[in-house]
$ cat final-v8.csv   # CSV, C-alpha atoms
chain,number,residue,atom,x,y,z
H,1420,MET,CA,-22.8,-2.1,-2.2
H,1421,PRO,CA,-21.0,0.3,0.1
H,1422,LYS,CA,-20.2,3.7,-1.2
H,1423,VAL,CA,-16.5,4.5,-1.5
H,1424,PHE,CA,-17.1,8.1,-0.6
H,1425,LYS,CA,-19.6,9.7,1.7
H,1426,SER,CA,-21.2,11.8,-1.1
H,1427,GLU,CA,-20.6,12.7,-4.7
H,1428,THR,CA,-19.4,16.1,-3.6
H,1429,LYS,CA,-16.8,14.5,-1.4
H,1430,GLN,CA,-15.7,12.2,-4.2
H,1431,LYS,CA,-15.2,15.2,-6.5
H,1432,ALA,CA,-13.1,16.9,-3.8
H,1433,VAL,CA,-10.9,13.8,-3.4
H,1434,TYR,CA,-10.4,13.4,-7.2
H,1435,GLU,CA,-9.5,17.1,-7.6
H,1436,SER,CA,-7.0,16.8,-4.7
H,1437,TYR,CA,-5.7,13.5,-6.1
H,1438,ASN,CA,-4.9,15.3,-9.4
H,1439,HIS,CA,-3.2,18.1,-7.7
H,1440,LEU,CA,-1.0,15.6,-5.8
H,1441,LEU,CA,-0.1,13.8,-9.1
H,1442,ALA,CA,1.1,17.1,-10.5
H,1443,GLU,CA,3.8,17.1,-7.8
H,1444,TRP,CA,5.1,13.6,-8.7
H,1445,ASP,CA,7.5,15.3,-11.1
H,1446,VAL,CA,7.6,12.3,-13.5
H,1447,ALA,CA,5.9,11.4,-16.8
H,1448,TYR,CA,3.0,9.1,-16.1
H,1449,GLU,CA,-0.2,7.9,-17.6
H,1450,GLU,CA,-3.5,6.9,-16.0
H,1451,LYS,CA,-5.2,3.8,-17.1
H,1452,VAL,CA,-8.5,2.0,-16.1
H,1453,VAL,CA,-8.9,-1.8,-16.3
H,1454,GLU,CA,-12.3,-3.3,-16.1
H,1455,GLY,CA,-12.8,-6.7,-14.3
H,1456,SER,CA,-15.2,-8.8,-12.4
H,1457,TYR,CA,-15.3,-6.4,-9.4
H,1458,GLY,CA,-15.4,-3.1,-11.2
H,1459,LYS,CA,-12.9,-0.6,-12.6
H,1460,THR,CA,-9.3,-0.6,-11.3
H,1461,HIS,CA,-7.4,2.7,-11.7
H,1462,LEU,CA,-3.7,2.6,-12.4
H,1463,ILE,CA,-0.9,5.1,-12.6
H,1464,ILE,CA,1.9,3.9,-14.9
H,1465,ALA,CA,5.4,5.4,-15.1
H,1466,GLY,CA,8.9,4.4,-16.3
H,1467,ASN,CA,10.2,2.5,-19.4
H,1468,PRO,CA,7.8,-0.3,-20.5
H,1469,ASP,CA,10.9,-2.3,-21.5
H,1470,HIS,CA,12.0,-2.4,-17.9
H,1471,ILE,CA,11.0,-4.9,-15.2
H,1472,PRO,CA,7.2,-4.4,-14.3
H,1473,VAL,CA,6.7,-3.6,-10.6
H,1474,LEU,CA,3.2,-3.3,-9.1
H,1475,LEU,CA,2.7,-0.9,-6.2
H,1476,PHE,CA,0.0,-1.5,-3.5
H,1477,HIS,CA,-1.0,1.2,-1.0
H,1478,GLY,CA,-2.6,0.7,2.4
H,1479,VAL,CA,-6.2,1.1,3.8
H,1480,GLY,CA,-7.6,4.7,3.7
H,1481,ASP,CA,-5.1,6.0,1.2
H,1482,ASN,CA,-4.3,5.7,-2.5
H,1483,SER,CA,-1.6,5.6,-5.0
H,1484,ALA,CA,-1.2,9.3,-5.4
H,1485,ILE,CA,-0.5,9.9,-1.7
H,1486,MET,CA,1.5,6.7,-1.1
H,1487,TRP,CA,4.2,6.9,-3.7
H,1488,ILE,CA,4.9,10.6,-4.0
H,1489,TYR,CA,8.4,10.3,-2.4
H,1490,ASN,CA,9.3,7.1,-4.2
H,1491,ILE,CA,8.0,7.3,-7.8
H,1492,LYS,CA,10.9,9.2,-9.3
H,1493,ASP,CA,13.6,6.8,-8.1
H,1494,LEU,CA,11.5,3.7,-8.8
H,1495,SER,CA,10.4,4.8,-12.3
H,1496,LYS,CA,14.0,5.3,-13.3
H,1497,GLU,CA,14.7,1.6,-12.8
H,1498,PHE,CA,11.4,-0.1,-13.4
H,1499,HIS,CA,8.1,0.0,-15.3
H,1500,VAL,CA,6.0,1.0,-12.4
H,1501,ILE,CA,2.3,0.3,-12.1
H,1502,ALA,CA,0.6,1.9,-9.0
H,1503,VAL,CA,-2.7,0.2,-8.3
H,1504,ASP,CA,-5.6,1.9,-6.6
H,1505,ALA,CA,-7.4,-0.8,-4.6
H,1506,ILE,CA,-11.0,-1.5,-5.5
H,1507,GLY,CA,-13.1,-0.1,-2.7
H,1508,GLY,CA,-10.2,2.1,-1.5
H,1509,ALA,CA,-9.8,5.8,-1.3
H,1510,GLY,CA,-8.5,6.3,-4.9
H,1511,LYS,CA,-10.1,6.4,-8.3
H,1512,SER,CA,-11.0,2.7,-8.7
H,1513,GLN,CA,-14.7,2.0,-8.8
H,1514,PRO,CA,-16.3,-1.2,-7.5
H,1515,ASN,CA,-19.4,-2.7,-9.0
H,1516,GLU,CA,-22.2,-4.8,-7.5
H,1517,ASN,CA,-20.0,-8.0,-7.6
H,1518,TYR,CA,-17.6,-6.4,-5.2
H,1519,SER,CA,-20.0,-6.5,-2.3
H,1520,LYS,CA,-21.1,-10.1,-3.1
H,1521,GLY,CA,-17.8,-11.6,-2.4
H,1522,PHE,CA,-14.5,-10.0,-3.3
H,1523,ASN,CA,-11.5,-12.2,-4.0
H,1524,GLN,CA,-8.2,-10.4,-4.0
H,1525,VAL,CA,-6.3,-13.1,-5.9
H,1526,LEU,CA,-8.9,-13.2,-8.8
H,1527,TRP,CA,-8.9,-9.4,-8.9
H,1528,ILE,CA,-5.1,-9.3,-9.4
H,1529,GLU,CA,-5.1,-12.3,-11.8
H,1530,GLU,CA,-7.5,-10.5,-14.1
H,1531,LEU,CA,-5.5,-7.3,-13.8
H,1532,LEU,CA,-2.3,-9.0,-14.8
H,1533,ASP,CA,-4.0,-10.7,-17.7
H,1534,ALA,CA,-5.5,-7.4,-19.0
H,1535,LEU,CA,-2.1,-5.8,-18.8
H,1536,LYS,CA,-0.5,-8.9,-20.6
H,1537,LEU,CA,2.0,-9.3,-17.7
H,1538,ASP,CA,3.1,-12.9,-17.1
H,1539,ARG,CA,5.5,-12.2,-14.2
H,1540,VAL,CA,6.0,-9.1,-12.0
H,1541,TYR,CA,7.7,-7.8,-9.0
H,1542,ALA,CA,5.5,-6.1,-6.3
H,1543,ILE,CA,5.9,-3.6,-3.5
H,1544,GLY,CA,3.3,-3.0,-0.8
H,1545,VAL,CA,2.9,-0.7,2.3
H,1546,SER,CA,0.8,-1.7,5.4
H,1547,TYR,CA,-2.3,-3.5,3.9
H,1548,GLY,CA,-0.3,-3.5,0.7
H,1549,CYS,CA,2.4,-5.5,2.5
H,1550,TYR,CA,-0.2,-8.2,3.2
H,1551,LEU,CA,-1.3,-8.2,-0.4
H,1552,VAL,CA,2.2,-8.8,-1.8
H,1553,GLN,CA,2.7,-11.7,0.5
H,1554,LEU,CA,-0.7,-13.2,-0.5
H,1555,PHE,CA,0.0,-12.8,-4.2
H,1556,LYS,CA,3.4,-14.2,-3.9
H,1557,CYS,CA,2.1,-17.3,-2.0
H,1558,LYS,CA,-1.0,-17.9,-4.1
H,1559,LEU,CA,0.4,-16.9,-7.5
H,1560,PRO,CA,4.1,-17.9,-7.2
H,1561,ASN,CA,4.4,-18.3,-11.0
H,1562,ARG,CA,3.4,-14.7,-11.6
H,1563,PHE,CA,5.1,-12.9,-8.7
H,1564,ASP,CA,8.8,-13.0,-8.5
H,1565,LYS,CA,10.3,-10.7,-5.9
H,1566,ILE,CA,8.3,-8.7,-3.4
H,1567,VAL,CA,9.0,-5.9,-0.9
H,1568,GLY,CA,6.8,-5.4,2.1
H,1569,LEU,CA,6.9,-2.2,4.1
H,1570,ALA,CA,5.3,-1.3,7.4
H,1571,GLY,CA,3.9,-4.7,8.0
H,1572,GLY,CA,4.8,-8.1,9.4
H,1573,PRO,CA,4.5,-11.7,8.2
H,1574,SER,CA,0.8,-12.6,7.6
H,1575,VAL,CA,1.2,-16.2,8.7
H,1576,GLU,CA,-1.2,-18.5,10.5
H,1577,GLY,CA,0.0,-19.0,14.1
H,1578,TYR,CA,1.4,-15.5,14.7
H,1579,LYS,CA,-0.6,-12.7,16.2
H,1580,THR,CA,-1.1,-9.6,14.1
H,1581,ASN,CA,-2.2,-7.5,17.1
H,1582,ASN,CA,-5.1,-5.9,15.1
H,1583,LEU,CA,-6.7,-4.8,18.4
H,1584,ARG,CA,-3.9,-2.4,19.0
H,1585,LYS,CA,-4.5,-0.5,15.8
H,1586,MET,CA,-7.9,1.2,16.2
H,1587,PRO,CA,-7.1,3.1,19.4
H,1588,ILE,CA,-4.1,4.8,17.6
H,1589,PHE,CA,-6.5,6.4,15.2
H,1590,LEU,CA,-8.9,7.6,17.9
H,1591,PRO,CA,-10.3,10.2,18.5
H,1592,GLU,CA,-8.5,12.2,15.8
H,1593,ALA,CA,-9.8,10.2,12.8
H,1594,LEU,CA,-13.4,10.7,14.0
H,1595,PHE,CA,-13.0,14.4,14.1
H,1596,PRO,CA,-10.5,15.2,11.3
H,1597,THR,CA,-9.9,18.9,11.9
H,1598,PRO,CA,-6.5,20.1,10.6
H,1599,LYS,CA,-5.2,20.1,14.2
H,1600,ASN,CA,-6.4,16.5,14.8
H,1601,VAL,CA,-4.9,15.4,11.5
H,1602,SER,CA,-1.5,16.8,12.6
H,1603,LYS,CA,-1.9,14.9,15.9
H,1604,LEU,CA,-2.7,11.7,14.1
H,1605,LEU,CA,0.3,12.1,11.8
H,1606,LYS,CA,2.6,12.5,14.8
H,1607,LYS,CA,1.2,9.3,16.3
H,1608,LEU,CA,1.7,7.4,13.1
H,1609,SER,CA,5.2,8.8,12.3
H,1610,GLY,CA,8.7,8.4,13.6
H,1611,ASP,CA,11.4,11.0,13.7
H,1612,GLY,CA,10.8,11.9,10.1
H,1613,GLY,CA,7.2,12.8,10.5
H,1614,GLU,CA,7.6,16.2,8.8
H,1615,SER,CA,7.2,14.4,5.4
H,1616,PHE,CA,3.6,15.3,5.3
H,1617,ILE,CA,4.2,18.9,6.4
H,1618,ARG,CA,6.9,19.4,3.7
H,1619,LYS,CA,4.3,19.1,1.0
H,1620,PRO,CA,1.1,21.0,1.8
H,1621,ALA,CA,-0.8,19.2,-1.0
H,1622,LEU,CA,0.0,15.9,0.7
H,1623,PHE,CA,-1.3,17.0,4.1
H,1624,SER,CA,-4.4,18.6,2.4
H,1625,HIS,CA,-5.1,15.4,0.5
H,1626,TRP,CA,-5.0,13.2,3.6
H,1627,HIS,CA,-7.2,15.6,5.4
H,1628,ILE,CA,-9.8,15.4,2.6
H,1629,LEU,CA,-9.6,11.6,2.7
H,1630,LEU,CA,-10.2,11.5,6.4
H,1631,LYS,CA,-13.3,13.6,5.9
H,1632,SER,CA,-14.6,11.9,2.7
H,1633,PHE,CA,-13.7,8.2,2.6
H,1634,ASN,CA,-16.2,5.6,3.7
H,1635,ASN,CA,-13.9,3.1,5.5
H,1636,THR,CA,-16.5,0.4,5.4
H,1637,SER,CA,-16.0,0.0,1.7
H,1638,MET,CA,-12.6,-1.5,2.4
H,1639,MET,CA,-13.9,-4.1,4.9
H,1640,LEU,CA,-14.5,-6.5,2.0
H,1641,HIS,CA,-10.7,-6.8,1.7
H,1642,LYS,CA,-10.2,-9.7,4.1
H,1643,THR,CA,-6.8,-10.2,5.7
H,1644,SER,CA,-6.9,-13.9,6.5
H,1645,SER,CA,-3.6,-15.3,7.6
H,1646,ILE,CA,-1.7,-17.4,5.1
H,1647,SER,CA,-1.2,-21.0,6.2
H,1648,LYS,CA,2.4,-22.1,7.1
H,1649,PRO,CA,2.5,-24.7,4.3
H,1650,ASP,CA,1.4,-22.1,1.8
H,1651,PHE,CA,3.8,-19.4,3.0
H,1652,LYS,CA,6.8,-19.9,0.8
H,1653,ILE,CA,8.8,-16.7,0.5
H,1654,SER,CA,12.6,-17.2,0.5
H,1655,ARG,CA,15.1,-14.6,1.6
H,1656,GLU,CA,16.0,-14.1,-2.1
H,1657,GLU,CA,12.3,-13.5,-3.0
H,1658,GLY,CA,11.2,-11.2,-0.3
H,1659,LEU,CA,12.4,-8.2,1.6
H,1660,PHE,CA,10.6,-6.6,4.5
H,1661,MET,CA,11.3,-3.2,6.1
H,1662,LEU,CA,9.8,-2.0,9.3
H,1663,GLY,CA,10.3,1.2,11.3
H,1664,ASP,CA,11.2,0.8,15.0
H,1665,GLN,CA,8.8,3.6,15.8
H,1666,ASP,CA,5.9,2.0,13.9
H,1667,ARG,CA,3.1,1.8,16.5
H,1668,LEU,CA,0.9,-0.3,14.2
H,1669,SER,CA,3.4,-2.9,13.0
H,1670,TYR,CA,6.5,-3.1,15.2
H,1671,TYR,CA,6.0,-5.4,18.2
H,1672,PRO,CA,7.6,-8.5,19.6
H,1673,GLU,CA,5.4,-11.0,17.9
H,1674,SER,CA,6.1,-9.5,14.5
H,1675,ILE,CA,9.9,-9.7,15.0
H,1676,LYS,CA,9.6,-13.2,16.3
H,1677,ALA,CA,7.8,-14.2,13.1
H,1678,PHE,CA,10.5,-12.7,10.9
H,1679,GLU,CA,13.1,-14.6,12.8
H,1680,GLU,CA,11.3,-18.0,13.0
H,1681,LEU,CA,10.3,-17.9,9.3
H,1682,ASN,CA,13.9,-17.0,8.3
H,1683,LEU,CA,12.7,-14.0,6.3
H,1684,ASN,CA,14.9,-11.2,4.9
H,1685,TYR,CA,14.0,-8.1,7.0
H,1686,LYS,CA,15.5,-4.8,8.1
H,1687,ILE,CA,14.5,-2.6,11.0
H,1688,VAL,CA,14.8,1.1,10.1
H,1689,LYS,CA,15.7,3.3,13.1
H,1690,GLY,CA,13.6,6.4,13.6
H,1691,ALA,CA,10.9,5.4,11.1
H,1692,GLY,CA,7.2,5.1,11.8
H,1693,HIS,CA,4.3,3.6,9.8
H,1694,SER,CA,4.8,6.0,6.9
H,1695,ILE,CA,8.3,4.6,6.5
H,1696,ASN,CA,8.6,5.1,2.7
H,1697,HIS,CA,7.7,8.8,3.2
H,1698,GLU,CA,9.8,9.5,6.2
H,1699,GLN,CA,13.0,7.8,4.9
H,1700,ALA,CA,12.4,7.8,1.2
H,1701,ASP,CA,16.0,7.9,0.1
H,1702,LEU,CA,17.0,4.9,2.2
H,1703,ILE,CA,13.8,2.9,1.3
H,1704,ASN,CA,14.2,3.7,-2.4
H,1705,SER,CA,17.8,2.6,-2.5
H,1706,GLU,CA,17.1,-0.6,-0.6
H,1707,ILE,CA,14.2,-1.5,-2.9
H,1708,VAL,CA,16.3,-0.9,-6.1
H,1709,ARG,CA,19.2,-2.8,-4.7
H,1710,PHE,CA,17.1,-5.8,-3.7
H,1711,LEU,CA,15.0,-6.0,-6.9
H,1712,THR,CA,17.9,-5.5,-9.3
H,1713,LYS,CA,20.6,-7.7,-7.7

$ encode --input "final-v8.csv" --output "structure tokens"
Amino acid sequence: MPKVFKSETKQKAVYESYNHLLAEWDVAYEEKVVEGSYGKTHLIIAGNPDHIPVLLFHGVGDNSAIMWIYNIKDLSKEFHVIAVDAIGGAGKSQPNENYSKGFNQVLWIEELLDALKLDRVYAIGVSYGCYLVQLFKCKLPNRFDKIVGLAGGPSVEGYKTNNLRKMPIFLPEALFPTPKNVSKLLKKLSGDGGESFIRKPALFSHWHILLKSFNNTSMMLHKTSSISKPDFKISREEGLFMLGDQDRLSYYPESIKAFEELNLNYKIVKGAGHSINHEQADLINSEIVRFLTK
């Protein structure tokens, strides 16, 4: 089984930094661990439990603490928010030996919903999380109502995802994560609002620690197979996608073509990069609340 972090010392550093970041959320929250077939899934829960439940899914190489820091206050006012640390990801979830034998994202989330006694939910995902919310909506349509996908395109068979363009963007900075290189990488991933990481030193520090400590191979068991066209059933009323026009990972002609041909509900946000929900948090938060509550 792949180790999530490169050493126990590095895991401890990540957890301490994670906790410091949570202290800056400025909302009341609780942490919860749910055990399932693939290990222990760590959750951060905020908002009124009588409100609509909304699951939040982060991207590869990050976690719930870092992903939702600029969104949690607005979202938790309207919804019962459950931020999920991906099994095998750079958060507090802990995979077991079954994880490396054959991880199934849909079974993982079904078990999680059952454990939380949630019949139907809304979901929001960023980057890889955008793929997950599409997968869950298509595979579990009776359990996922509305979804919001950020910083990602439609994951549909027949449309190129341009995965080959992604790795060079992280190089060489991710291999040598000095503070200077981390700043360079943030500029490559961000749009005009790239100072969002700089405004919160704890945010920058946490991502720096993740780049030094996280074992990326542990997330490789999260497959991103395209959803077949017959299975891809997301109406304009059920799904909203938002993408920055300066997102070097996700904004390209094939992605826009897919949005159009599939008649999806999407918005292009000017000046935003891949960290769209950090860079233009007020806009993203208001669009999410409007879509999920209308």

$ residues_around --input "final-v8.csv" --residues "range 1485-1496 of chain H" --least-positions-apart "4" --cutoff "6 Å" --atoms "all atoms listed in the file" --output "ChimeraX atom specification"
/H:1444,1465-1466,1500,1697,1700

$ residues_around --input "final-v8.csv" --residues "Asn1482 in chain H" --least-positions-apart "4" --cutoff "10 Å" --atoms "all atoms listed in the file" --output "ChimeraX atom specification"
/H:1437,1476-1478,1486-1487,1502-1505,1508-1512,1626,1629

$ write_last_selection --input "final-v8.csv" --atoms "C-alpha atoms" --output "CSV table (one decimal), in the coordinates of the input"
chain,number,residue,atom,x,y,z
H,1437,TYR,CA,-5.7,13.5,-6.1
H,1476,PHE,CA,0.0,-1.5,-3.5
H,1477,HIS,CA,-1.0,1.2,-1.0
H,1478,GLY,CA,-2.6,0.7,2.4
H,1486,MET,CA,1.5,6.7,-1.1
H,1487,TRP,CA,4.2,6.9,-3.7
H,1502,ALA,CA,0.6,1.9,-9.0
H,1503,VAL,CA,-2.7,0.2,-8.3
H,1504,ASP,CA,-5.6,1.9,-6.6
H,1505,ALA,CA,-7.4,-0.8,-4.6
H,1508,GLY,CA,-10.2,2.1,-1.5
H,1509,ALA,CA,-9.8,5.8,-1.3
H,1510,GLY,CA,-8.5,6.3,-4.9
H,1511,LYS,CA,-10.1,6.4,-8.3
H,1512,SER,CA,-11.0,2.7,-8.7
H,1626,TRP,CA,-5.0,13.2,3.6
H,1629,LEU,CA,-9.6,11.6,2.7

$ closest_residue --input "final-v8.csv" --among "H:Arg1667, H:Lys1652, H:Lys1676, H:Lys1642" --to "Tyr1550 in chain H" --atoms "only C-alpha atoms"
H:Lys1642

$ closest_atom_pairs --input "final-v8.csv" --of "range 1546-1635 of chain H" --to "range 1643-1647 of chain H" --cutoff "8 Å" --atoms "all atoms listed in the file" --output "Markdown table"
| residue | atom | partner | partner_atom | distance |
| --- | --- | --- | --- | --- |
| H:Tyr1550 | CA | H:Thr1643 | CA | 7.3 |
| H:Leu1554 | CA | H:Ile1646 | CA | 7.1 |
| H:Ser1574 | CA | H:Ser1645 | CA | 5.2 |
| H:Val1575 | CA | H:Ile1646 | CA | 4.8 |
| H:Glu1576 | CA | H:Ser1645 | CA | 4.9 |

$ closest_residue --input "final-v8.csv" --among "H:Leu1622, H:Ile1675, H:Ile1695, H:Val1525" --to "Cys1557 in chain H" --atoms "all atoms listed in the file"
H:Val1525
